[in-house]
Every structure is written in structure tokens, then in C-alpha cells.
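Source file: model02.csv (CSV, C-alpha atoms)
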```
chain,number,residue,atom,x,y,z
A,43,MET,CA,80.6,155.3,150.1
A,44,TYR,CA,80.1,159.0,150.0
A,45,PRO,CA,77.3,161.5,149.4
A,46,TYR,CA,78.6,162.8,146.0
A,47,VAL,CA,76.7,165.7,144.6
A,48,ASN,CA,76.1,163.8,141.3
A,49,GLY,CA,77.2,160.9,139.2
A,50,ASP,CA,79.9,162.9,137.4
A,51,ALA,CA,81.5,163.7,140.8
A,52,ALA,CA,81.4,160.1,141.8
A,53,LEU,CA,83.0,159.0,138.4
A,54,THR,CA,85.8,161.6,138.8
A,55,ASP,CA,86.6,160.3,142.3
A,56,ALA,CA,86.6,156.7,141.1
A,57,LEU,CA,89.0,157.5,138.3
A,58,ARG,CA,91.3,159.5,140.6
A,59,LEU,CA,91.3,156.8,143.2
A,60,SER,CA,91.8,154.0,140.6
A,61,LYS,CA,94.9,155.8,139.2
A,62,GLY,CA,96.2,156.1,142.7
A,63,MET,CA,95.7,152.4,143.3
A,64,SER,CA,97.4,151.6,140.0
A,65,TYR,CA,100.5,153.5,141.2
A,66,LYS,CA,100.4,152.0,144.7
A,67,ASN,CA,100.1,148.4,143.5
A,68,ALA,CA,102.8,148.9,140.9
A,69,ILE,CA,105.3,150.5,143.2
A,70,ALA,CA,104.7,147.7,145.8
A,71,ASP,CA,105.4,145.1,143.0
A,72,LEU,CA,102.1,143.4,143.5
A,73,PRO,CA,100.5,141.1,140.9
A,74,LEU,CA,97.5,143.5,140.7
A,75,GLY,CA,96.3,146.4,138.6
A,76,GLY,CA,94.5,149.3,140.1
A,77,GLY,CA,90.8,149.8,140.4
A,78,LYS,CA,88.3,151.6,142.7
A,79,ALA,CA,84.6,151.5,143.2
A,80,VAL,CA,82.4,154.1,144.8
A,81,ILE,CA,78.8,154.0,146.1
A,82,LEU,CA,76.7,157.1,146.1
A,83,GLY,CA,75.0,157.8,149.4
A,84,ASN,CA,75.4,159.0,152.9
A,85,PRO,CA,77.1,156.1,154.8
A,86,ALA,CA,75.3,157.2,158.0
A,87,THR,CA,71.8,157.0,156.6
A,88,ASP,CA,71.7,155.4,153.2
A,89,LYS,CA,73.1,151.9,153.7
A,90,SER,CA,70.7,149.0,152.7
A,91,ASP,CA,70.9,145.4,151.7
A,92,ALA,CA,69.5,146.4,148.3
A,93,LYS,CA,72.2,148.9,147.7
A,94,PHE,CA,74.9,146.5,148.6
A,95,ALA,CA,73.3,143.8,146.5
A,96,ALA,CA,73.3,146.1,143.5
A,97,PHE,CA,77.0,146.9,144.2
A,98,ALA,CA,77.8,143.2,144.4
A,99,GLU,CA,76.1,142.6,141.1
A,100,ALA,CA,78.2,145.3,139.5
A,101,VAL,CA,81.4,143.7,140.9
A,102,ASN,CA,80.2,140.2,139.7
A,103,SER,CA,79.6,141.5,136.2
A,104,LEU,CA,83.4,142.0,135.9
A,105,GLY,CA,84.0,138.3,136.4
A,106,GLY,CA,86.9,138.7,138.8
A,107,ARG,CA,88.8,141.4,136.9
A,108,TYR,CA,88.0,143.7,139.8
A,109,ILE,CA,88.3,142.7,143.5
A,110,THR,CA,86.7,145.2,145.9
A,111,ALA,CA,87.8,146.0,149.4
A,112,MET,CA,86.9,148.3,152.3
A,113,ASP,CA,87.4,152.1,152.2
A,114,VAL,CA,85.9,155.4,153.4
A,115,GLY,CA,82.3,155.0,154.6
A,116,ILE,CA,82.4,151.2,154.7
A,117,LEU,CA,82.8,149.4,158.0
A,118,PRO,CA,83.8,145.8,158.7
A,119,ALA,CA,80.2,145.0,159.6
A,120,ASP,CA,79.2,146.0,156.1
A,121,MET,CA,81.5,143.5,154.4
A,122,PRO,CA,79.7,140.2,155.0
A,123,VAL,CA,76.7,141.6,153.1
A,124,ASN,CA,79.1,142.3,150.2
A,125,SER,CA,80.8,139.0,150.4
A,126,GLY,CA,77.7,136.9,150.0
A,127,GLU,CA,77.7,135.6,153.6
A,128,ALA,CA,74.2,137.1,153.9
A,129,GLY,CA,73.2,136.2,150.4
A,130,GLY,CA,73.2,138.3,147.2
A,131,GLY,CA,76.9,139.3,147.5
A,132,THR,CA,80.2,138.7,145.7
A,133,LYS,CA,83.2,136.4,146.2
A,134,PHE,CA,85.4,139.0,144.6
A,135,ILE,CA,86.3,140.8,147.8
A,136,ALA,CA,89.2,141.1,150.3
A,137,GLY,CA,90.6,143.3,153.0
A,138,TYR,CA,88.7,142.2,156.1
A,139,ASP,CA,88.8,139.1,158.3
A,140,GLN,CA,87.3,136.1,156.5
A,141,PRO,CA,87.1,132.4,157.6
A,142,GLY,CA,90.0,130.3,156.2
A,143,LYS,CA,92.0,133.3,154.9
A,144,ALA,CA,94.9,135.4,156.2
A,145,GLY,CA,93.8,138.2,158.5
A,146,GLY,CA,92.4,141.3,156.9
A,147,ASP,CA,93.5,144.0,159.4
A,148,SER,CA,95.9,146.2,157.4
A,149,GLY,CA,96.9,148.4,160.3
A,150,PRO,CA,99.9,146.4,161.7
A,151,ALA,CA,101.3,145.8,158.2
A,152,THR,CA,100.9,149.5,157.3
A,153,ALA,CA,102.6,150.6,160.6
A,154,LEU,CA,105.5,148.2,160.0
A,155,GLY,CA,106.0,149.6,156.5
A,156,VAL,CA,105.9,153.2,157.7
A,157,PHE,CA,108.4,152.5,160.5
A,158,SER,CA,110.9,150.8,158.2
A,159,GLY,CA,110.4,153.4,155.5
A,160,LEU,CA,110.9,156.2,158.0
A,161,LYS,CA,114.2,154.6,159.0
A,162,ALA,CA,115.2,154.4,155.4
A,163,ALA,CA,114.5,158.1,155.0
A,164,VAL,CA,116.4,159.0,158.2
A,165,LYS,CA,119.4,157.0,157.0
A,166,HIS,CA,119.4,158.8,153.6
A,167,ARG,CA,118.8,162.3,154.9
A,168,LEU,CA,120.5,162.2,158.3
A,169,GLY,CA,123.1,159.4,157.8
A,170,VAL,CA,122.2,157.3,160.8
A,171,ASP,CA,120.7,153.8,161.2
A,172,THR,CA,118.6,154.5,164.2
A,173,THR,CA,115.9,157.0,165.4
A,174,LYS,CA,117.3,156.7,169.0
A,175,GLY,CA,117.3,160.2,170.5
A,176,MET,CA,115.5,161.8,167.6
A,177,ARG,CA,112.5,164.0,168.0
A,178,VAL,CA,109.6,162.5,166.0
A,179,ALA,CA,106.3,164.3,165.7
A,180,ILE,CA,103.4,161.9,165.0
A,181,GLN,CA,100.2,163.3,163.7
A,182,GLY,CA,97.4,160.8,164.3
A,183,LEU,CA,97.3,158.0,166.8
A,184,GLY,CA,95.0,155.5,165.1
A,185,LYS,CA,96.0,151.9,164.3
A,186,VAL,CA,98.9,153.0,162.1
A,187,GLY,CA,100.1,156.1,164.0
A,188,MET,CA,100.1,154.3,167.4
A,189,GLY,CA,101.8,151.3,165.8
A,190,VAL,CA,104.5,153.5,164.5
A,191,ALA,CA,104.8,155.3,167.8
A,192,LYS,CA,105.3,152.1,169.7
A,193,ARG,CA,108.1,151.0,167.4
A,194,LEU,CA,109.8,154.3,167.6
A,195,HIS,CA,109.6,154.4,171.4
A,196,ALA,CA,111.1,150.9,171.5
A,197,GLU,CA,114.1,152.2,169.5
A,198,GLY,CA,114.5,155.2,171.8
A,199,ALA,CA,113.0,158.0,169.8
A,200,LYS,CA,111.5,161.1,171.6
A,201,LEU,CA,107.9,161.4,170.6
A,202,ILE,CA,105.6,164.4,170.2
A,203,VAL,CA,102.1,163.4,169.5
A,204,ALA,CA,98.7,164.9,168.5
A,205,ASP,CA,95.3,163.5,167.8
A,206,THR,CA,91.7,164.7,168.2
A,207,ASN,CA,91.2,161.5,170.2
A,208,LEU,CA,92.5,162.7,173.6
A,209,LYS,CA,92.3,159.2,175.1
A,210,ALA,CA,94.9,158.0,172.5
A,211,VAL,CA,97.1,161.0,173.3
A,212,ALA,CA,96.9,160.2,177.0
A,213,GLU,CA,97.9,156.6,176.3
A,214,ALA,CA,100.9,157.7,174.4
A,215,VAL,CA,102.0,160.2,177.1
A,216,GLU,CA,101.6,157.5,179.8
A,217,THR,CA,103.0,154.4,178.1
A,218,LEU,CA,105.4,155.9,175.5
A,219,HIS,CA,106.6,159.0,177.5
A,220,ALA,CA,105.4,161.2,174.6
A,221,VAL,CA,104.9,164.9,174.8
A,222,ALA,CA,101.4,166.0,173.8
A,223,ALA,CA,100.8,168.8,171.2
A,224,THR,CA,97.6,170.2,169.8
A,225,PRO,CA,96.6,169.2,166.2
A,226,ASP,CA,97.3,172.8,165.2
A,227,GLN,CA,100.9,172.6,166.6
A,228,ILE,CA,102.1,169.2,165.5
A,229,VAL,CA,103.0,169.8,161.8
A,230,THR,CA,105.2,172.7,162.5
A,231,CYS,CA,106.6,171.8,165.9
A,232,GLU,CA,110.4,171.5,166.5
A,233,CYS,CA,111.3,168.0,165.4
A,234,ASP,CA,113.7,166.0,163.3
A,235,VAL,CA,111.0,163.8,161.7
A,236,LEU,CA,107.4,164.6,160.9
A,237,SER,CA,105.2,161.5,160.6
A,238,PRO,CA,101.7,162.4,159.3
A,239,ASN,CA,99.3,159.5,159.9
A,240,ALA,CA,95.9,161.3,159.8
A,241,LEU,CA,94.8,164.0,157.5
A,242,GLY,CA,95.7,164.6,153.8
A,243,ALA,CA,96.9,167.9,152.2
A,244,ILE,CA,98.9,168.9,155.3
A,245,LEU,CA,101.9,169.8,153.2
A,246,ASN,CA,100.9,173.0,151.5
A,247,ASP,CA,101.9,176.6,150.7
A,248,GLN,CA,101.2,177.7,154.3
A,249,SER,CA,102.7,174.8,156.2
A,250,ILE,CA,105.9,173.9,154.2
A,251,PRO,CA,107.8,177.1,154.9
A,252,ARG,CA,107.2,176.6,158.6
A,253,LEU,CA,108.4,173.0,158.9
A,254,SER,CA,111.4,172.3,161.1
A,255,ALA,CA,111.6,168.6,160.2
A,256,LYS,CA,114.3,167.4,157.8
A,257,VAL,CA,112.3,164.2,157.0
A,258,VAL,CA,108.6,163.7,156.4
A,259,ALA,CA,107.5,160.1,156.5
A,260,GLY,CA,104.1,158.9,157.5
A,261,GLY,CA,101.1,156.8,156.5
A,262,ALA,CA,98.5,159.4,155.7
A,263,ASN,CA,97.2,159.5,152.1
A,264,ASN,CA,97.6,162.5,149.8
A,265,GLN,CA,99.9,164.4,152.1
A,266,LEU,CA,100.9,166.9,149.3
A,267,ALA,CA,98.1,169.4,148.7
A,268,ARG,CA,99.5,169.8,145.1
A,269,ASP,CA,102.2,168.0,143.1
A,270,HIS,CA,104.4,171.1,143.2
A,271,HIS,CA,104.7,170.9,146.9
A,272,GLY,CA,107.1,168.0,146.5
A,273,ALA,CA,109.5,170.5,144.8
A,274,MET,CA,109.0,173.0,147.6
A,275,LEU,CA,110.1,170.3,150.1
A,276,ARG,CA,113.1,169.4,148.0
A,277,ASP,CA,114.2,173.1,147.7
A,278,LEU,CA,114.1,173.4,151.5
A,279,GLY,CA,116.2,170.2,152.0
A,280,ILE,CA,113.3,168.2,153.4
A,281,LEU,CA,113.2,164.6,152.4
A,282,TYR,CA,109.7,163.4,151.6
A,283,ALA,CA,108.8,159.7,151.6
A,284,PRO,CA,106.0,159.5,149.0
A,285,ASP,CA,102.8,158.5,150.8
A,286,TYR,CA,101.6,155.8,148.5
A,287,VAL,CA,105.0,154.1,148.7
A,288,ILE,CA,105.5,154.2,152.4
A,289,ASN,CA,101.9,153.2,153.3
A,290,GLY,CA,101.8,150.3,151.0
A,291,GLY,CA,101.7,147.7,153.8
A,292,GLY,CA,97.9,147.9,153.8
A,293,ILE,CA,97.4,146.9,150.1
A,294,ILE,CA,100.1,144.2,150.6
A,295,ARG,CA,98.0,142.7,153.3
A,296,VAL,CA,94.9,142.8,151.0
A,297,ALA,CA,96.9,141.2,148.2
A,298,ALA,CA,97.9,138.4,150.7
A,299,GLN,CA,94.3,137.4,151.0
A,300,ILE,CA,93.8,137.3,147.3
A,301,GLU,CA,97.0,135.4,146.6
A,302,ASN,CA,97.0,133.3,149.9
A,303,TRP,CA,100.4,134.5,151.0
A,304,SER,CA,101.9,133.5,154.3
A,305,ASP,CA,102.5,136.1,157.1
A,306,GLU,CA,106.2,135.7,156.4
A,307,GLU,CA,105.7,136.6,152.8
A,308,VAL,CA,103.7,139.7,153.8
A,309,ASP,CA,106.5,140.8,156.2
A,310,ARG,CA,109.1,140.3,153.5
A,311,ARG,CA,107.2,142.4,151.0
A,312,VAL,CA,106.3,145.1,153.6
A,313,LEU,CA,110.0,145.4,154.7
A,314,ALA,CA,110.9,145.8,151.0
A,315,ILE,CA,109.2,149.2,151.1
A,316,ALA,CA,112.3,150.6,152.7
A,317,GLU,CA,114.4,149.3,149.7
A,318,THR,CA,112.0,150.9,147.3
A,319,LEU,CA,112.2,154.2,149.1
A,320,SER,CA,116.0,154.1,149.2
A,321,ALA,CA,116.0,153.6,145.4
A,322,ILE,CA,113.6,156.6,145.0
A,323,PHE,CA,115.7,158.8,147.3
A,324,THR,CA,118.9,157.9,145.4
A,325,ARG,CA,117.4,158.5,142.0
A,326,ALA,CA,115.8,161.8,143.1
A,327,ALA,CA,119.2,163.0,144.4
A,328,LYS,CA,120.9,162.0,141.2
A,329,ASP,CA,118.3,163.5,138.8
A,330,GLY,CA,117.6,166.6,140.9
A,331,GLU,CA,113.9,165.8,140.9
A,332,PRO,CA,111.4,165.8,143.8
A,333,THR,CA,110.8,162.3,145.3
A,334,ASN,CA,107.1,162.3,144.4
A,335,VAL,CA,108.0,162.8,140.8
A,336,ILE,CA,110.5,159.9,140.9
A,337,ALA,CA,108.0,157.7,142.6
A,338,ASP,CA,105.4,158.3,139.9
A,339,ARG,CA,108.0,157.7,137.2
A,340,MET,CA,109.1,154.4,138.7
A,341,ALA,CA,105.5,153.3,139.1
A,342,GLU,CA,104.8,154.1,135.4
A,343,GLU,CA,107.9,152.2,134.4
A,344,ARG,CA,106.7,149.1,136.3
A,345,ILE,CA,103.3,149.4,134.7
A,346,ALA,CA,104.9,149.6,131.3
A,347,ARG,CA,107.0,146.5,132.0
A,348,GLY,CA,103.8,144.7,133.1
A,349,LYS,CA,102.0,145.7,129.9
A,350,GLY,CA,105.0,144.5,127.8
A,351,ALA,CA,105.1,141.2,129.6
A,352,ALA,CA,101.4,140.6,129.2
A,353,ALA,CA,101.6,141.5,125.5
A,354,LYS,CA,104.5,139.1,125.0
A,355,ALA,CA,102.7,136.3,126.9
A,356,ALA,CA,99.6,136.8,124.6
A,357,GLU,CA,101.7,136.3,121.4
```
Show how you would write the structure in this file as C-alpha cells.
Amino acid sequence: MYPYVNGDAALTDALRLSKGMSYKNAIADLPLGGGKAVILGNPATDKSDAKFAAFAEAVNSLGGRYITAMDVGILPADMPVNSGEAGGGTKFIAGYDQPGKAGGDSGPATALGVFSGLKAAVKHRLGVDTTKGMRVAIQGLGKVGMGVAKRLHAEGAKLIVADTNLKAVAEAVETLHAVAATPDQIVTCECDVLSPNALGAILNDQSIPRLSAKVVAGGANNQLARDHHGAMLRDLGILYAPDYVINGGGIIRVAAQIENWSDEEVDRRVLAIAETLSAIFTRAAKDGEPTNVIADRMAEERIARGKGAAAKAAE
């Protein structure tokens, strides 16, 4: 939910986001296509039962071809209205805690995927199996960033952290022996690994030449300001873990609700993110292409295989 300036802007965002979801689901090998819905309005002032009922009616009109979930501007408290628990909702919904289904909190699964993917990147770029003794700069200490920080601390990494939430920073300093940095310092501070888990577009023409990290691996969405920034990172010898690959744990958790997977199956699929990233890194090195380009290509190949299998099944 967002206060788009007009319907065309909302449609453009929905199409952009749905393409991103298609790639994210494909690269995670999920039995899902990719879709996205947006609601026009200010989430702070414009929420109403009538608006959510209209949204639910639109979702229901697709007969289950689209399953909605929570994103920007929508809170867990809004979801029961959408789900029909308060009447006039839809059953085609996932991604939050529901009675009789696997948990909907995607944070722990996302953090696990980012941690295992970060280790795969470290192994490929730096040739070691552990982050012990490495300096890892973590931007953002929300559910994902703090989860990654705790796993890195347990393995012996040296943490540098930043967040606008000073309470979270203080917790990391006290319990994880982290060094605090300001949000302006964190991206370009001296470190071996940069793990962005907050803002998008942090890898841009201004920041990339100032990076000291040899690996960038974090859960934030849309880390590259533009596609060509992947090539800039490659040219500087910085290994980039494509964001929609490494942060796929969240959508895997949502898929688990839809498909009724066990927690063990979720963990298996989340840990497989590291294998997918290793394949991307190897292919990128072989082809001389940026990792973001290879990730897109692999996702498109998987989508094409899915289309082919569907067409064959329909014969």
C-alpha cells in the first residue's frame, strides 16, 4: 500500500514488482509464478475495511491464480481483514501467522539464507569455509540483519554495525561485541564483507569506488541502483551475491504455508540458496559476466523450462 501519484504509477510498480517476484520464485525453485498487487493510498491514513474488502474481491476474482501476501505499508494486524477472518476477505493469502498453518514470520528463514549465502560468497572469493576473524559490516539490524549478526558472532566474525534504531545498535555492541558505525559510514568502512540488510540502491556510482569489502552479501532488496553497477563491482574484484537470490528465505517461508511444507523442508530449501549462489559465482567467473546478469539468466532459463513442462503436460 503506497500513495502513488496516479493509477499509471501504481501499475508500473506492480509490473516491476511482479517481474522481480517471478525471478525470485524461479531462482528459488519454487512451484510458484510471480505476481504482485498494490493498493493506492496512504497506509497511515487511508486504510479501511471497505478498501481491503475491495482488494479481497479483486484477489478472489482470479480464482486462486494469485495468492497475496504482506509487503510495504501492510502490517500483520491488517491481514485478518484480508483473510476473511473478519468477513469479506479472501482465502488466497499467505505470509503471516495463521491457525493450523506453518508460521508466517519470514525473518528467521531470510536470515538463515543470507548467512549461508554469505558463507558461500566468502568461500568463492576468499577461499575459506568460515567467517571467523573476518570483519563484517552489517547495515540494518532488523529481524534479518540481527539474525545474520548473531550467526556471524557465533562463528567468530568481528562485527561492525549501523542502524537508525540506536537501541538495536546498543544491543549488538553489548551482546555481540560489535563496533558501532554511523549509517553514513557503514557502506564504505574498512571490512572484508559488506552485508546490506536495510536500504536499497546503496551500490551506486558514488559508493562502489569507495568500497573496501571484497564480498557484498546481504538481505536488502534492490541493492544495485542500476544494472550496470553489477559490472562495476565485477571490475573491482568485488563479489556480489544477487539480492533476490540470497534473500529468498522469506518467499520460501511463504511458499511453505501455501504448500504445507514442514519446517525441515523449509530449512532444506533455504540452505540450498548457498548452492544456487555457488553455481552463479562459478558461471559468472567462467563467462566473465557480472553475477546479477548470470542470476537473471538462470532465472529466465528456469522459467522457460517451467513453460515447456506446462505446455507438454497440456498436450
- Item | Surrounding residues of range 121-138 of chain A excluding itself and chain neighbours under 3 positions, 9 Å, only C-alpha atoms, as a ChimeraX atom specification | /A:91-92,94-99,101-102,105-112,116-118,145-148,292-293,295-297,299-300
- Which residues, written as an MDAnalysis selection string, have at least one atom at most 10 Å from range 270-284 of chain A, with only C-alpha atoms counted and residues fewer than 5 positions away on the same chain left out? chainID A and resid 156 159:160 162:164 166:168 235:237 243 245:247 250:251 253:261 263:265 289 316 319:320 322:323 326:327 330:338
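Picture a line from CA of Val114 in chain A to CA of Val312 in chain A; it runs 22.9 Å.
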- Task: Record the distance separating CA of Leu194 in chain A and CA of Lys66 in chain A, expressed in Å with one decimal.
- Result: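 Taking CA of Leu194 in chain A as the start and CA of Lys66 in chain A as the end point, the length is 24.9 Å.
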Just want the 6 Å neighbourhood of Gly175 in chain A, counted on all atoms listed in the file, with same-chain residues fewer than 4 positions away dropped. Output as a PDB file with C-alpha atoms, in the coordinates of the input.
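Result saved to around_17.pdb:
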```pdb
ATOM      1  CA  GLY A 198     114.500 155.200 171.800  1.00  0.00           C
ATOM      2  CA  ALA A 199     113.000 158.000 169.800  1.00  0.00           C
ATOM      3  CA  LYS A 200     111.500 161.100 171.600  1.00  0.00           C
TER       4      LYS A 200
END
```
- Query: Restricting the calculation to only C-alpha atoms, which member of A:Leu57, A:Ala267, A:Ile202, A:Leu313 is positioned closest to Thr230 in chain A?
  - Reply: A:Ile202
- Provide the CA of Gln181 in chain A to CA of Ala151 in chain A distance in Å, to one decimal place.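 If I compute the distance from CA of Gln181 in chain A to CA of Ala151 in chain A, I get 18.4 Å.
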- Task: Measuring atom to atom with only C-alpha atoms, identify which of A:Leu59, A:Ala212, A:Val287, A:Ala262 is nearest to Ala79 in chain A.
- Result: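 Closest candidate: A:Leu59.
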